[in-house]
>>> print(open('input23.txt').read())   # compact mmCIF, C-alpha atoms
# COMPACT_ATOMS: atom_id res chain seq x y z
CA MET A 141 20.90 -35.07 10.24
CA LYS A 142 18.61 -32.35 8.88
CA ASP A 143 20.22 -28.93 8.50
CA GLN A 144 18.76 -26.71 11.22
CA THR A 145 19.19 -23.65 8.97
CA GLU A 146 17.16 -25.18 6.14
CA LEU A 147 14.15 -23.13 5.20
CA THR A 148 10.89 -24.98 5.81
CA TYR A 149 7.27 -24.10 5.11
CA ARG A 150 6.77 -23.80 8.85
CA LYS A 151 9.60 -21.25 9.10
CA ILE A 152 8.18 -19.29 6.16
CA PHE A 153 4.77 -19.25 7.81
CA SER A 154 6.16 -18.21 11.20
CA PHE A 155 8.21 -15.40 9.64
CA TRP A 156 5.37 -14.20 7.39
CA LEU A 157 2.42 -14.45 9.80
CA PRO A 158 3.23 -11.33 11.88
CA LEU A 159 3.74 -9.36 8.66
CA LEU A 160 0.41 -10.63 7.34
CA ALA A 161 -1.20 -9.67 10.63
CA THR A 162 0.29 -6.20 10.21
CA TRP A 163 -1.16 -5.76 6.73
CA LEU A 164 -4.52 -7.26 7.71
CA MET A 165 -4.77 -4.89 10.63
CA MET A 166 -3.92 -2.00 8.32
CA SER A 167 -6.54 -3.23 5.85
CA ILE A 168 -9.19 -2.88 8.55
CA GLU A 169 -8.60 0.88 8.55
CA GLY A 170 -10.28 1.42 5.20
CA PRO A 171 -13.56 -0.47 5.81
CA TYR A 172 -13.78 0.85 9.37
CA LEU A 173 -13.34 4.50 8.45
CA THR A 174 -15.48 4.41 5.30
CA ALA A 175 -18.22 2.67 7.30
CA LEU A 176 -18.18 5.54 9.82
CA ILE A 177 -18.16 8.20 7.10
CA ALA A 178 -21.04 6.46 5.30
CA ARG A 179 -23.12 6.79 8.48
CA MET A 180 -22.51 10.53 8.90
CA LYS A 181 -23.96 13.58 7.16
CA GLU A 182 -23.46 14.01 3.40
CA PRO A 183 -22.03 10.50 2.94
CA GLU A 184 -21.54 10.75 -0.83
CA PHE A 185 -19.56 14.01 -0.67
CA ASN A 186 -17.53 12.90 2.34
CA LEU A 187 -16.75 9.43 0.93
CA ALA A 188 -15.71 11.01 -2.37
CA ALA A 189 -13.54 13.60 -0.57
CA TYR A 190 -11.96 10.93 1.61
CA GLY A 191 -11.10 8.84 -1.45
CA VAL A 192 -9.58 11.81 -3.30
CA ALA A 193 -7.61 13.03 -0.27
CA PHE A 194 -6.30 9.55 0.39
CA SER A 195 -5.20 9.28 -3.24
CA PHE A 196 -3.23 12.53 -2.92
CA ALA A 197 -1.70 11.37 0.35
CA LEU A 198 -0.61 8.13 -1.27
CA ILE A 199 1.28 10.04 -3.97
CA VAL A 200 3.08 12.13 -1.37
CA GLU A 201 3.84 8.94 0.56
CA SER A 202 5.29 7.18 -2.50
CA PRO A 203 8.97 8.17 -1.95
CA VAL A 204 9.01 6.35 1.40
CA ILE A 205 6.70 3.40 0.77
CA MET A 206 9.63 1.22 -0.33
CA MET A 207 11.80 2.22 2.64
CA LEU A 208 10.76 -1.02 4.31
CA SER A 209 12.34 -3.04 1.50
CA ALA A 210 15.41 -0.79 1.43
CA SER A 211 16.24 -1.08 5.11
CA THR A 212 15.51 -4.82 5.05
CA ALA A 213 17.97 -5.27 2.18
CA LEU A 214 20.68 -2.70 3.00
CA VAL A 215 21.11 -2.17 6.76
CA ASP A 216 23.79 -4.76 7.50
CA GLY A 217 25.80 -2.68 10.00
CA ARG A 218 26.36 0.64 11.74
CA LYS A 219 27.55 2.61 8.72
CA ALA A 220 24.64 1.57 6.52
CA TYR A 221 22.20 2.32 9.35
CA LEU A 222 23.48 5.87 9.90
CA LYS A 223 23.65 6.68 6.20
CA LEU A 224 20.19 5.34 5.39
CA LYS A 225 18.74 7.07 8.46
CA SER A 226 20.00 10.45 7.21
CA PHE A 227 18.58 9.65 3.79
CA VAL A 228 15.15 8.98 5.34
CA TYR A 229 15.17 12.30 7.21
CA ILE A 230 16.01 14.23 4.04
CA VAL A 231 13.21 12.54 2.11
CA ASN A 232 10.70 13.13 4.93
CA LEU A 233 11.48 16.86 5.04
CA ASN A 234 10.79 17.10 1.31
CA LEU A 235 7.45 15.32 1.76
CA ILE A 236 6.30 17.96 4.25
CA VAL A 237 7.23 20.75 1.84
CA LEU A 238 5.42 18.97 -1.01
CA MET A 239 2.25 18.58 1.04
CA LEU A 240 2.30 22.27 1.96
CA ILE A 241 2.51 23.14 -1.74
CA VAL A 242 -0.42 20.85 -2.58
CA ILE A 243 -2.73 22.45 0.03
CA TYR A 244 -1.76 26.03 -0.93
CA PRO A 245 -5.22 27.32 -1.99
CA PRO A 246 -4.44 28.46 -5.57
CA VAL A 247 -2.58 25.21 -6.30
CA PHE A 248 -5.25 23.05 -4.71
CA GLU A 249 -8.11 24.84 -6.46
CA PHE A 250 -6.43 24.34 -9.83
CA ILE A 251 -5.91 20.62 -9.17
CA SER A 252 -9.29 19.87 -7.59
CA LEU A 253 -11.61 22.06 -9.66
CA ASN A 254 -9.84 22.44 -13.01
CA LEU A 255 -8.04 19.11 -13.35
CA LEU A 256 -10.17 16.68 -11.34
CA ASN A 257 -13.47 18.44 -11.97
CA LEU A 258 -14.63 17.80 -8.40
CA PRO A 259 -17.89 19.30 -7.16
CA GLU A 260 -17.12 22.37 -5.05
CA ARG A 261 -18.44 20.73 -1.90
CA ALA A 262 -16.23 17.65 -2.40
CA ALA A 263 -13.22 19.88 -3.15
CA TYR A 264 -13.77 21.86 0.06
CA LEU A 265 -13.91 18.69 2.16
CA THR A 266 -10.86 17.24 0.37
CA HIS A 267 -8.82 20.35 1.20
CA ILE A 268 -9.60 19.99 4.91
CA ALA A 269 -8.61 16.33 4.87
CA LEU A 270 -5.29 16.98 3.11
CA ALA A 271 -4.30 19.58 5.71
CA ILE A 272 -4.94 17.03 8.44
CA LEU A 273 -2.89 14.40 6.55
CA ILE A 274 0.34 16.47 6.43
CA PRO A 275 2.14 14.32 9.08
CA TRP A 276 0.89 11.05 7.58
CA ALA A 277 3.59 10.38 4.96
CA PRO A 278 6.66 11.45 7.05
CA SER A 279 5.47 9.26 9.92
CA ILE A 280 5.16 6.31 7.57
CA GLY A 281 8.67 6.87 6.18
CA TYR A 282 10.12 6.99 9.68
CA ARG A 283 8.42 3.81 10.94
CA ARG A 284 8.98 1.80 7.72
CA PHE A 285 12.71 2.46 8.03
CA TYR A 286 12.76 0.95 11.53
CA GLN A 287 10.33 -1.81 10.60
CA GLY A 288 12.72 -2.99 7.89
CA ILE A 289 15.51 -3.24 10.46
CA LEU A 290 13.24 -5.28 12.74
CA ILE A 291 12.36 -7.61 9.86
CA ARG A 292 16.02 -8.08 8.96
CA SER A 293 16.64 -8.98 12.62
CA ASN A 294 13.84 -11.59 12.48
CA LYS A 295 11.64 -9.60 14.87
CA THR A 296 8.51 -9.52 12.75
CA LYS A 297 6.26 -9.88 15.81
CA LEU A 298 7.31 -6.40 16.94
CA VAL A 299 6.19 -5.02 13.58
CA ALA A 300 2.74 -6.48 14.20
CA LEU A 301 2.71 -5.06 17.71
CA GLY A 302 3.37 -1.60 16.32
CA THR A 303 0.36 -1.95 14.06
CA ILE A 304 -1.79 -2.82 17.07
CA VAL A 305 -0.70 0.51 18.58
CA ARG A 306 -1.64 2.23 15.33
CA LEU A 307 -5.08 0.66 15.16
CA THR A 308 -5.77 1.42 18.80
CA ALA A 309 -4.88 5.10 18.41
CA MET A 310 -6.80 5.31 15.13
CA SER A 311 -9.90 3.65 16.57
CA LEU A 312 -9.97 5.82 19.69
CA THR A 313 -9.60 8.96 17.58
CA ALA A 314 -12.36 7.92 15.19
CA PHE A 315 -14.66 6.83 18.02
CA ILE A 316 -14.27 10.10 19.91
CA LEU A 317 -14.75 12.31 16.84
CA PHE A 318 -17.66 10.22 15.55
CA GLY A 319 -19.48 9.97 18.86
CA PHE A 320 -18.77 13.24 20.60
CA THR A 321 -18.30 15.91 17.92
CA ASN A 322 -20.13 17.29 14.89
CA VAL A 323 -17.14 17.39 12.50
CA HIS A 324 -17.40 16.30 8.88
CA GLY A 325 -17.00 12.59 8.15
CA VAL A 326 -13.85 13.22 6.15
CA VAL A 327 -12.31 14.91 9.21
CA VAL A 328 -12.95 11.76 11.23
CA GLY A 329 -11.21 9.63 8.60
CA ALA A 330 -8.19 11.89 8.02
CA SER A 331 -7.60 12.59 11.73
CA ALA A 332 -7.77 8.90 12.61
CA LEU A 333 -5.24 8.04 9.89
CA SER A 334 -2.74 10.71 10.91
CA ILE A 335 -2.86 10.08 14.65
CA GLY A 336 -2.66 6.32 14.10
CA VAL A 337 0.57 6.42 12.08
CA ILE A 338 2.18 8.97 14.42
CA PHE A 339 1.69 6.66 17.39
CA GLU A 340 2.85 3.64 15.38
CA ALA A 341 6.04 5.46 14.35
CA MET A 342 6.86 6.29 17.98
CA ALA A 343 6.10 2.74 19.12
CA THR A 344 8.24 1.19 16.37
CA ARG A 345 11.23 3.35 17.28
CA LEU A 346 10.90 2.40 20.95
CA MET A 347 10.61 -1.32 20.14
CA SER A 348 13.67 -1.21 17.89
CA TYR A 349 15.83 0.35 20.63
CA LYS A 350 17.75 -2.85 21.48
CA VAL A 351 18.32 -3.76 17.84
CA ILE A 352 19.61 -0.26 17.02
CA LYS A 353 21.83 -0.28 20.09
CA ALA A 354 23.32 -3.61 19.01
CA ILE A 355 23.95 -2.24 15.51
CA LYS A 356 25.70 0.85 16.85
CA GLU A 357 27.85 -1.11 19.31
CA SER A 358 28.71 -3.96 16.95
CA GLU A 359 32.32 -4.40 15.89
CA GLU A 360 31.04 -5.19 12.39
CA ASP A 361 30.48 -1.90 10.60
CA GLY A 362 28.95 -3.58 7.56
CA ALA A 363 28.99 -2.10 4.07
CA ASP A 364 30.11 1.52 3.87
CA LEU A 365 27.19 2.73 1.77
CA SER A 366 27.48 6.04 0.00
CA TYR A 367 24.52 8.24 -0.81
CA LYS A 368 25.17 7.47 -4.47
CA GLU A 369 24.83 3.74 -3.82
CA ILE A 370 21.65 4.27 -1.82
CA ILE A 371 20.17 6.42 -4.57
CA ASN A 372 21.16 3.93 -7.30
CA PHE A 373 19.42 1.16 -5.35
CA TYR A 374 16.46 3.20 -4.18
CA TYR A 375 15.50 5.53 -6.99
CA PRO A 376 13.93 2.76 -9.10
CA LEU A 377 11.88 1.81 -6.05
CA ILE A 378 10.85 5.45 -5.51
CA LEU A 379 9.83 5.73 -9.14
CA THR A 380 7.94 2.46 -8.84
CA SER A 381 5.91 3.55 -5.84
CA PHE A 382 5.43 7.10 -7.16
CA ILE A 383 4.15 5.88 -10.51
CA SER A 384 2.10 3.11 -8.93
CA LEU A 385 0.46 5.31 -6.30
CA GLY A 386 0.14 8.18 -8.76
CA ILE A 387 -2.39 6.18 -10.68
CA HIS A 388 -5.01 6.87 -8.01
CA PRO A 389 -5.48 10.58 -8.81
CA ILE A 390 -5.33 9.70 -12.51
CA VAL A 391 -8.19 7.26 -11.98
CA THR A 392 -9.96 9.93 -9.94
CA PHE A 393 -9.60 12.32 -12.90
CA PHE A 394 -11.15 9.80 -15.27
CA LEU A 395 -13.92 9.00 -12.80
CA GLY A 396 -14.76 12.71 -12.68
CA GLN A 397 -15.31 12.58 -16.44
CA SER A 398 -17.22 9.29 -16.43
CA ARG A 399 -20.84 8.27 -16.38
CA MET A 400 -22.23 8.24 -12.79
CA ALA A 401 -19.15 10.08 -11.55
CA LEU A 402 -20.22 10.93 -7.98
CA GLU A 403 -21.50 7.41 -7.34
CA SER A 404 -18.26 5.96 -8.66
CA LEU A 405 -16.14 8.24 -6.48
CA ALA A 406 -18.26 7.23 -3.48
CA VAL A 407 -18.15 3.43 -3.89
CA LEU A 408 -14.56 3.00 -5.12
CA PRO A 409 -13.00 3.60 -1.64
CA VAL A 410 -15.40 0.99 -0.24
CA LEU A 411 -14.43 -1.59 -2.88
CA ASN A 412 -10.74 -0.77 -2.49
CA SER A 413 -11.02 -1.31 1.26
CA LEU A 414 -12.55 -4.77 0.85
CA VAL A 415 -10.13 -5.88 -1.86
CA PHE A 416 -7.21 -4.59 0.20
CA LEU A 417 -8.07 -7.16 2.87
CA PHE A 418 -7.15 -9.88 0.37
CA ARG A 419 -4.31 -7.96 -1.28
CA ALA A 420 -2.70 -7.82 2.17
CA PHE A 421 -1.65 -11.46 1.78
CA GLY A 422 0.53 -10.66 -1.23
CA LEU A 423 1.70 -7.26 -0.03
CA SER A 424 3.01 -8.78 3.20
CA TYR A 425 5.00 -11.39 1.29
CA GLN A 426 7.53 -9.12 -0.45
CA GLU A 427 9.79 -8.62 2.57
CA VAL A 428 9.60 -12.37 3.30
CA GLY A 429 11.21 -13.12 -0.04
CA ILE A 430 13.79 -10.36 0.34
CA ALA A 431 14.86 -11.68 3.74
CA LEU A 432 14.67 -15.44 3.11
CA ILE A 433 15.64 -16.21 -0.50
CA LYS A 434 19.22 -17.51 -0.28
CA ASN A 435 19.41 -20.46 -2.68
CA LYS A 436 17.45 -22.73 -5.02
CA SER A 437 15.75 -24.68 -2.24
CA ASP A 438 14.57 -21.48 -0.56
CA PHE A 439 13.23 -20.18 -3.86
CA ILE A 440 11.19 -23.31 -4.58
CA LYS A 441 9.58 -23.35 -1.13
CA LEU A 442 8.78 -19.63 -1.22
CA ARG A 443 7.33 -19.98 -4.74
CA ASN A 444 5.13 -22.92 -3.72
CA PHE A 445 3.95 -20.99 -0.68
CA ALA A 446 2.97 -18.13 -3.00
CA TYR A 447 0.97 -20.51 -5.21
CA GLY A 448 -1.08 -21.66 -2.25
CA MET A 449 -1.61 -18.07 -1.12
CA ALA A 450 -2.88 -17.02 -4.56
CA LEU A 451 -5.49 -19.79 -4.57
CA PHE A 452 -6.60 -18.86 -1.06
CA VAL A 453 -7.13 -15.14 -1.74
CA PHE A 454 -9.06 -15.83 -4.95
CA ALA A 455 -11.36 -18.31 -3.22
CA GLY A 456 -11.83 -16.03 -0.21
CA LEU A 457 -12.81 -12.92 -2.16
CA SER A 458 -14.99 -14.98 -4.53
CA LEU A 459 -16.96 -16.17 -1.52
CA ILE A 460 -17.97 -12.56 -0.91
CA SER A 461 -18.16 -11.23 -4.47
CA PHE A 462 -20.38 -13.95 -5.94
CA THR A 463 -22.66 -14.80 -2.99
CA PRO A 464 -25.23 -13.01 -0.78
CA LEU A 465 -22.30 -12.10 1.48
CA ARG A 466 -21.72 -9.29 -1.02
CA GLU A 467 -24.84 -7.39 0.11
CA MET A 468 -24.03 -8.15 3.73
CA TRP A 469 -20.63 -6.49 3.32
CA LEU A 470 -21.61 -3.54 1.15
CA ILE A 471 -24.78 -2.62 3.05
CA GLY A 472 -24.41 -4.16 6.52
CA VAL A 473 -20.69 -3.55 7.08
CA SER A 474 -19.79 -0.66 4.78
CA GLY A 475 -23.06 1.22 5.27
CA LEU A 476 -23.81 1.85 1.58
CA SER A 477 -27.38 2.47 0.53
CA GLU A 478 -29.10 -0.28 -1.45
CA LYS A 479 -28.80 1.89 -4.56
CA LEU A 480 -25.02 2.33 -4.18
CA ALA A 481 -24.54 -1.34 -3.24
CA ASP A 482 -26.39 -2.46 -6.37
CA PHE A 483 -24.27 -0.06 -8.42
CA ALA A 484 -21.05 -1.59 -7.00
CA LYS A 485 -21.94 -5.28 -7.62
CA SER A 486 -20.49 -5.85 -11.08
CA ALA A 487 -17.31 -3.90 -10.30
CA LEU A 488 -16.71 -6.01 -7.19
CA MET A 489 -17.05 -9.26 -9.15
CA ILE A 490 -14.44 -8.07 -11.66
CA TYR A 491 -12.17 -6.94 -8.82
CA THR A 492 -12.06 -10.53 -7.47
CA PHE A 493 -9.10 -11.38 -9.71
CA PHE A 494 -6.89 -8.51 -8.56
CA PRO A 495 -5.46 -9.97 -5.30
CA VAL A 496 -3.99 -12.90 -7.26
CA THR A 497 -1.94 -10.49 -9.36
CA THR A 498 -0.78 -8.82 -6.12
CA VAL A 499 0.65 -12.11 -4.82
CA TRP A 500 2.35 -12.72 -8.16
CA ILE A 501 3.97 -9.30 -8.53
CA ASN A 502 5.18 -9.08 -4.94
CA PHE A 503 6.93 -12.43 -5.21
CA GLN A 504 8.50 -11.27 -8.47
CA ARG A 505 9.65 -8.05 -6.83
CA SER A 506 10.99 -9.83 -3.75
CA LEU A 507 13.39 -11.90 -5.82
CA LEU A 508 14.56 -8.90 -7.85
CA VAL A 509 15.13 -6.73 -4.76
CA SER A 510 16.99 -9.56 -2.98
CA MET A 511 19.29 -9.70 -6.01
CA ARG A 512 19.54 -5.84 -5.95
CA THR A 513 18.06 -5.67 -9.45
CA THR A 514 15.51 -2.92 -9.02
CA LYS A 515 15.27 -1.18 -12.41
CA PRO A 516 12.96 -3.78 -14.03
CA ILE A 517 10.47 -3.13 -11.22
CA THR A 518 10.19 0.50 -12.34
CA PHE A 519 9.72 -0.42 -16.00
CA ALA A 520 7.06 -2.93 -15.01
CA THR A 521 5.22 -0.20 -13.11
CA VAL A 522 5.39 2.12 -16.13
CA THR A 523 3.89 -0.72 -18.16
CA GLU A 524 1.14 -1.13 -15.56
CA ILE A 525 0.22 2.55 -15.48
CA SER A 526 0.22 2.76 -19.26
CA GLY A 527 -2.15 -0.19 -19.37
CA VAL A 528 -4.42 1.41 -16.77
CA ILE A 529 -4.61 4.74 -18.62
CA LEU A 530 -5.18 3.12 -22.01
CA THR A 531 -7.93 0.92 -20.59
CA LEU A 532 -9.58 3.91 -18.89
CA LEU A 533 -9.57 5.85 -22.17
CA ILE A 534 -11.23 2.98 -23.99
CA THR A 535 -13.76 2.04 -21.32
CA ILE A 536 -14.83 5.58 -20.36
CA LYS A 537 -14.39 7.62 -23.53
CA TYR A 538 -15.46 4.99 -26.07
CA LEU A 539 -17.41 2.25 -24.28
CA ASP A 540 -19.11 4.68 -21.86
CA LEU A 541 -18.87 2.29 -18.90
CA ALA A 542 -19.72 3.50 -15.41
CA GLY A 543 -16.59 4.98 -13.84
CA VAL A 544 -16.09 2.42 -11.06
CA THR A 545 -16.44 -0.52 -13.47
CA ALA A 546 -13.94 1.04 -15.84
CA ALA A 547 -11.55 1.64 -12.92
CA VAL A 548 -11.45 -1.96 -11.68
CA ILE A 549 -11.07 -3.33 -15.22
CA SER A 550 -8.16 -0.96 -15.84
CA TYR A 551 -6.48 -1.81 -12.52
CA THR A 552 -6.63 -5.53 -13.30
CA LEU A 553 -5.45 -5.39 -16.92
CA GLY A 554 -2.67 -2.94 -16.08
CA ARG A 555 -1.38 -5.18 -13.29
CA LEU A 556 -1.42 -8.24 -15.58
CA ALA A 557 0.70 -6.28 -18.07
CA ALA A 558 3.24 -5.57 -15.31
CA ASN A 559 3.27 -9.23 -14.26
CA CYS A 560 4.03 -10.26 -17.82
CA TYR A 561 6.79 -7.65 -18.19
CA LEU A 562 8.62 -9.02 -15.14
CA ILE A 563 8.64 -12.61 -16.37
CA LYS A 564 11.96 -12.24 -18.22
CA PRO A 565 13.97 -10.36 -15.51
CA PHE A 566 12.45 -12.70 -12.92
CA LYS A 567 13.79 -15.71 -14.84
CA THR A 568 17.24 -14.09 -14.99
CA ALA A 569 17.25 -13.46 -11.23
CA LYS A 570 15.96 -16.98 -10.61
CA ALA A 571 18.89 -18.42 -12.59
CA LYS A 572 21.34 -16.50 -10.40
CA VAL A 573 19.71 -17.85 -7.24
CA ILE A 574 19.82 -21.40 -8.56
CA GLU A 575 23.54 -21.03 -9.22
CA ARG A 576 24.19 -20.30 -5.56
CA LYS A 577 25.50 -23.11 -3.39
CA GLU A 578 23.02 -24.78 -1.07
>>> encode(input="input23.txt", output="structure tokens")
Amino acid sequence: MKDQTELTYRKIFSFWLPLLATWLMMSIEGPYLTALIARMKEPEFNLAAYGVAFSFALIVESPVIMMLSASTALVDGRKAYLKLKSFVYIVNLNLIVLMLIVIYPPVFEFISLNLLNLPERAAYLTHIALAILIPWAPSIGYRRFYQGILIRSNKTKLVALGTIVRLTAMSLTAFILFGFTNVHGVVVGASALSIGVIFEAMATRLMSYKVIKAIKESEEDGADLSYKEIINFYYPLILTSFISLGIHPIVTFFLGQSRMALESLAVLPVLNSLVFLFRAFGLSYQEVGIALIKNKSDFIKLRNFAYGMALFVFAGLSLISFTPLREMWLIGVSGLSEKLADFAKSALMIYTFFPVTTVWINFQRSLLVSMRTTKPITFATVTEISGVILTLLITIKYLDLAGVTAAVISYTLGRLAANCYLIKPFKTAKAKVIERKE
């Protein structure tokens, strides 16, 4: 008789689909908001400011972005839940302080005008957006903590439901500001993002009520985690996300020094939004591996599933990048002018390969996190960022490529370097999984 606990492709799909839906719904945010901004006054300045502000917000968010993986892997009982919850609150408080420092006028002016070389108008709009985005990162840390607990409890559908709440709140906010006010486009984008994640955080906490109650009332306390153990597990993940997300302002700096700088700053958020739709497939797969890899058979099925996913995302994005659908998306959906759409064409074609590397690296990371081997992930990210910066130096300073083209080439080559770095630790972790009993 077939083992009812055996992992099947159907079970993988059923577990993963709500998480994919969550990421796909989140990926709609970018195209939706940039499309609105592109249709408002001063689209180039507002799109550039939105992209820069979002890059800053991503850096501030980086300490909590991996909280989903941490709570999925670590919360096995009441003690671990309470300790990790306190840890999340401490981190969130520090994020608020950091954001207040960033928007302090003398600090912000030095960063935006002296370091990033932004036009004064773009810097002014960026400052407004960052002030609006102060609650964004803490809200994400809070809800990712509870989302991880839901995933560990096999309640991935509730995670997707929370994202529906987020999109609804975001869309209503954007619609009202766009249709009934005269605010700047970047205000529409930043306000919609902040209000969306606040509502999602509240909804996720409410939906996790029964799970949390069961954890608190359970006779099984689980592992008695210390803060030192949490930090030893989590700090490589923090460094990974901080370094990884920190590349965005670095790229913004290089774009400010590049040929056709303003055009590049304007179209890069649009391209990132489209590519994120396909990256969502790989990004949603990391927690699947963390939760489901138990033995050799599980590993093989999850690996094969990842192979199929990689082929799908490459084919799907190619269908847009290399066909007339490209103009339909860039002009008809994203609202770019014909001039900006033509400028973005070659960069989009190069970007087609990036989602495949996302599938690859998230499967690599999922195995390493499930084995609680997180340090190689940080070193791989350092390798990636080094590759991105080196490529930007060559393509902008010596080859004089347009900024957006240089950016997508550097993103892709840097990620491939990280993929290659993880091959050896991935093989080591794979060997440990294979040694486990079926």
>>> atom_distance(input="input23.txt", atom1="atom CA of A:Phe382", atom2="atom CA of A:Thr531")
19.9 Å
>>> atom_distance(input="input23.txt", atom1="atom CA of A:Ala220", atom2="atom CA of A:Ile289")
11.0 Å
>>> closest_residue(input="input23.txt", among="A:Ala487, A:Val548, A:Leu208, A:Ala450", to="A:Ile430", atoms="all atoms listed in the file")
A:Leu208
>>> closest_residue(input="input23.txt", among="A:Val410, A:Ile387, A:Leu147, A:Val327", to="A:Ile471", atoms="only C-alpha atoms")
A:Val410
>>> closest_residue(input="input23.txt", among="A:Thr492, A:Ser279, A:Ser167, A:Thr568", to="A:Met511", atoms="all atoms listed in the file")
A:Thr568
>>> residues_around(input="input23.txt", residues="A:Asn254", least_positions_apart="6", cutoff="12 Å", atoms="all atoms listed in the file", output="JSON, numbers by chain")
{"A": [246, 247, 248, 260, 263, 393, 396, 397]}
>>> atom_distance(input="input23.txt", atom1="atom CA of A:Pro516", atom2="atom CA of A:Asp438")
22.3 Å
>>> residues_around(input="input23.txt", residues="A:Ala271", least_positions_apart="2", cutoff="9 Å", atoms="all atoms listed in the file", output="PyMOL selection string")
chain A and resi 239-240+243+266-269+273-275+330
>>> closest_residue(input="input23.txt", among="A:Tyr447, A:Ile304, A:Leu442, A:Arg218", to="A:Ile352", atoms="all atoms listed in the file")
A:Arg218
>>> closest_residue(input="input23.txt", among="A:Tyr264, A:Phe318, A:Phe196, A:Phe503", to="A:Leu238", atoms="all atoms listed in the file")
A:Phe196
>>> decode(input="input23.txt", residues="stretch 179-192 of chain A", atoms="N, CA and C atoms", output="JSON list (two decimals), in the first residue's frame")
[["chain", "number", "residue", "atom", "x", "y", "z"],
["A", 179, "ARG", "N", 0.83, 57.74, -16.00],
["A", 179, "ARG", "CA", -0.30, 58.46, -16.60],
["A", 179, "ARG", "C", -0.61, 59.76, -15.87],
["A", 180, "MET", "N", 0.24, 60.13, -14.90],
["A", 180, "MET", "CA", 0.03, 61.36, -14.15],
["A", 180, "MET", "C", 1.05, 62.42, -14.58],
["A", 181, "LYS", "N", 1.01, 63.57, -13.94],
["A", 181, "LYS", "CA", 1.92, 64.65, -14.30],
["A", 181, "LYS", "C", 3.37, 64.28, -14.01],
["A", 182, "GLU", "N", 4.26, 64.84, -14.79],
["A", 182, "GLU", "CA", 5.72, 64.62, -14.64],
["A", 182, "GLU", "C", 6.05, 63.14, -14.49],
["A", 183, "PRO", "N", 5.68, 62.31, -15.45],
["A", 183, "PRO", "CA", 5.88, 60.87, -15.29],
["A", 183, "PRO", "C", 7.34, 60.45, -15.11],
["A", 184, "GLU", "N", 8.26, 61.09, -15.84],
["A", 184, "GLU", "CA", 9.66, 60.68, -15.73],
["A", 184, "GLU", "C", 10.21, 60.94, -14.33],
["A", 185, "PHE", "N", 9.95, 62.14, -13.79],
["A", 185, "PHE", "CA", 10.44, 62.46, -12.44],
["A", 185, "PHE", "C", 9.77, 61.58, -11.38],
["A", 186, "ASN", "N", 8.47, 61.37, -11.52],
["A", 186, "ASN", "CA", 7.76, 60.58, -10.53],
["A", 186, "ASN", "C", 8.11, 59.10, -10.60],
["A", 187, "LEU", "N", 8.28, 58.56, -11.81],
["A", 187, "LEU", "CA", 8.71, 57.15, -11.94],
["A", 187, "LEU", "C", 10.12, 56.97, -11.37],
["A", 188, "ALA", "N", 11.00, 57.92, -11.67],
["A", 188, "ALA", "CA", 12.36, 57.84, -11.14],
["A", 188, "ALA", "C", 12.35, 57.92, -9.62],
["A", 189, "ALA", "N", 11.56, 58.86, -9.06],
["A", 189, "ALA", "CA", 11.49, 59.01, -7.61],
["A", 189, "ALA", "C", 10.89, 57.77, -6.95],
["A", 190, "TYR", "N", 9.87, 57.21, -7.57],
["A", 190, "TYR", "CA", 9.26, 55.99, -7.04],
["A", 190, "TYR", "C", 10.27, 54.84, -7.01],
["A", 191, "GLY", "N", 11.04, 54.70, -8.09],
["A", 191, "GLY", "CA", 12.05, 53.64, -8.14],
["A", 191, "GLY", "C", 13.12, 53.82, -7.08],
["A", 192, "VAL", "N", 13.58, 55.06, -6.89],
["A", 192, "VAL", "CA", 14.62, 55.33, -5.89],
["A", 192, "VAL", "C", 14.08, 55.11, -4.48]]
